[in-house]
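Q: One structure, pasted below without further comment.
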Amino acid sequence: MIRDIDSSARQTIGQQQVQQQLIYKYLRQGASSQTPPELIQKFQHLLQQGKNDDAQVTKALERIIFAEESQFHVFLNQCFYTILDSWLHQSESLVYLDRLLNTLDVVCQASSYDRCRKQLIQLIKNYQQTESYQQLKLIIALIHPHKAIAKNLDNSLVTNESADISNSLPTPLINAYLIRYPYLYQYFLPQDLEAQQLIKTIQQLQSDRQKNFEILLSRHIIYRFRLKQLAQMKMMATGAGKMIMKVDNPSLLSAKAFQIALQQYVGKIEQNNTLLERSQRFVAENKYRQTYQVFKQDLHRFLASQIKPRNNTYQFSSLLEQKLVDIFPQANDKPLNQTQILQTCRQLFSFLIPDPRLNEQRDQFAELVANLGTAQTMMVLIKMTLICPESKADLEKKICMIATHYQHQTVRQVPWLVKSLEHLLIAFSIYFGNIDVSIAKSALSNKQ
């Protein structure tokens with residue numbers, strides 16, 4: 001009996017997929033043979049009326065409408081990605097993406113007593129409340145940002161954590177800021193996405209925009225280096241500094257906060273070593289660590305070193321130590337291996353950046369940043385990626401989870417998040433990009 005039920009369920013799912021594929025094919029054909037306005041009009045009519053001139057499409061849509069609601073959300077989501085994937089072959093079509101998305105608002109304004117149309121309108125309204133819809137809006141913003149967003153963002157973010165940020169931009173993160181962080185792009189894409197051209201496009205945008213930021217960052221660092229040279233030669237008073245073309249700070253960090261970030265990531269911070277040098281030494285010492293337990297003890301000292309919480313009651317070192325004690329205690333006496341290192345970093349990322357969708361952990365990362373400050377929090381996270389580069393993807397996923405959780409907040413509401421994202425953008429560019437670190441070291445000066 002159970003086998004019969006399972007067989008029936010699989011058959012139903014198979015039939016639904018057939019119906020969905022039929023409509024996807026219809027949309028692909030329309031995207032290749034019709035102008036964007038024509039396709040949008042037909043797609044809107046399909047969603048408004050629940051039917052089409054093609055009887056097969058109408059019948060397929062009706063069956064989809066009265067299937068499970070979750071399946072309809074998957075279907076409608078894929079409809080948009082199917083059109084988007086096709087339009088990527090013709091860049092002039094991308095200007096119609098917002099208009100395509102607006103079809104849902106038009107449909108939801110309608111009303112009907114027809115059972116099929118009424119059900120369809122309600123399903124679309126419900127879809128607009130899903131994470132999938134918000135994800136789609138973000139993907140469209142990445143591919144074709146509004147002109148105001150595409151321009152260089154106003155470098156006006158106040159980064160003194162205790163300062164008044166009333167003048168910061170009220171723009172929601174999803175509309176402007178998340179486009180600045182290429183290291184998050186790949187995690188914005190839905191899993192099991194059937195849109196190969198879209199995946200390639202996002203990967204290319206990620207690469208291009210990351211390189212562009214690295215170029216801007218390099219130019220700014222060189223500009224600071226030249227100013228320092230003139231200052232050392234006591235030529236600033238003669239006006240020589242005006243002969244150097246100014247290159248603005250490409251981050252949203254203030255001059256002071258940027259200086260702190262640069263000092264943290266390329267300057268001498270511990271035992272006259274840079275963060276990278278100290279991390280490399282930690283990795284080199286792994287071969288002398290006899291057991292996994294010794295590694296965890298040394299890792300605790302490495303991560304907690306020089307971390308000073310703002311609040312004396314916040315015992316970061318003790319919390320971190322206890323977490324490490326709880327990680328794979330059964331392996332304490334075993335020899336250290338690379339898998340253990342990776343899994344330990346993953347466990348720590350989950351501990352420091354828990355899933356904000358869980359009520360009891362919703363604001364834990366925000367509390368961590370509030371207690372340690374942005375710079376120190378990012379220092380701990382970056383240390384782990386330097387001793388285990390394989391864990392960088394895990395950090396990116398966790399940060400993406402935080403960013404999307406707060407994506408409808410404004411900078412005024414979550415300044416700590418934008419500062420964190422900026423720190424990672426700078427650190428990843430320095431450690432995993434093509435920044436000339438030697439010039440960056442020379443450019444450091446507390447007098448600027």
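Numbering starts fresh at 1 for the residues of each chain in the structure tokens, the chains themselves are lettered A, B, ... in the order given, and ligands are numbered from 1 as they appear.
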Which residues come within 12 Å of His45 (chain A), counting only C-alpha atoms, excluding same-chain residues fewer than 5 positions away, as a ChimeraX atom specification?

A: /A:38-40,50-53,58,103-104,106-107,110,117

Q: Mind dumping a table of every region 356-376 of chain A residue within 7 Å of region 301-324 of chain A, with the nearest atom pair and its distance in Å to one decimal, using only C-alpha atoms, sorted by chain and rising number, as JSON lines?

A:
```
{"residue": "A:Asn371", "atom": "CA", "partner": "A:Arg310", "partner_atom": "CA", "distance": 5.5}
{"residue": "A:Leu372", "atom": "CA", "partner": "A:Pro309", "partner_atom": "CA", "distance": 4.7}
{"residue": "A:Gln376", "atom": "CA", "partner": "A:Ile307", "partner_atom": "CA", "distance": 6.4}
```

Q: Pick out the closest residue to Gln20 (chain A) from this set: A:Tyr265, A:Phe213, A:Phe75, A:Phe351. Count only C-alpha atoms.

A: A:Phe75

Q: Got a sec: who's within 10 Å of Thr377 (chain A), counting only C-alpha atoms, leaving out chain neighbours fewer than 6 positions off, as a list in words?

A: Ile307, Pro309, Leu352, Phe365, Leu368, Val369, Ala370, Asn371, Ser420 and His423 of chain A

Q: Would you export the selected residues with C-alpha atoms as an mmCIF file, in the first residue's frame, please?

A:
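In the end it all went to part.cif:
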```cif
data_model
loop_
_atom_site.group_PDB
_atom_site.id
_atom_site.type_symbol
_atom_site.label_atom_id
_atom_site.label_comp_id
_atom_site.auth_asym_id
_atom_site.auth_seq_id
_atom_site.Cartn_x
_atom_site.Cartn_y
_atom_site.Cartn_z
ATOM 1 C CA ILE A 307 41.017 41.218 21.484
ATOM 2 C CA PRO A 309 35.870 43.708 24.476
ATOM 3 C CA LEU A 352 30.216 33.352 15.961
ATOM 4 C CA PHE A 365 26.197 38.397 15.549
ATOM 5 C CA LEU A 368 29.210 40.217 19.006
ATOM 6 C CA VAL A 369 30.046 43.249 16.868
ATOM 7 C CA ALA A 370 28.573 45.594 19.479
ATOM 8 C CA ASN A 371 30.782 44.088 22.180
ATOM 9 C CA SER A 420 31.568 44.703 8.542
ATOM 10 C CA HIS A 423 36.085 45.415 6.225
#
```

Q: Counting only C-alpha atoms, give me one row per residue of region 183-234 of chain A with an atom at most 12 Å from an atom of region 253-258 of chain A, showing the shortest contact pair and its distance in Å to one decimal, sorted by chain then residue number, as JSON lines.

A:
```
{"residue": "A:Leu217", "atom": "CA", "partner": "A:Phe258", "partner_atom": "CA", "distance": 10.9}
{"residue": "A:His220", "atom": "CA", "partner": "A:Phe258", "partner_atom": "CA", "distance": 11.1}
{"residue": "A:Ile221", "atom": "CA", "partner": "A:Phe258", "partner_atom": "CA", "distance": 10.7}
{"residue": "A:Arg224", "atom": "CA", "partner": "A:Ala255", "partner_atom": "CA", "distance": 11.1}
```
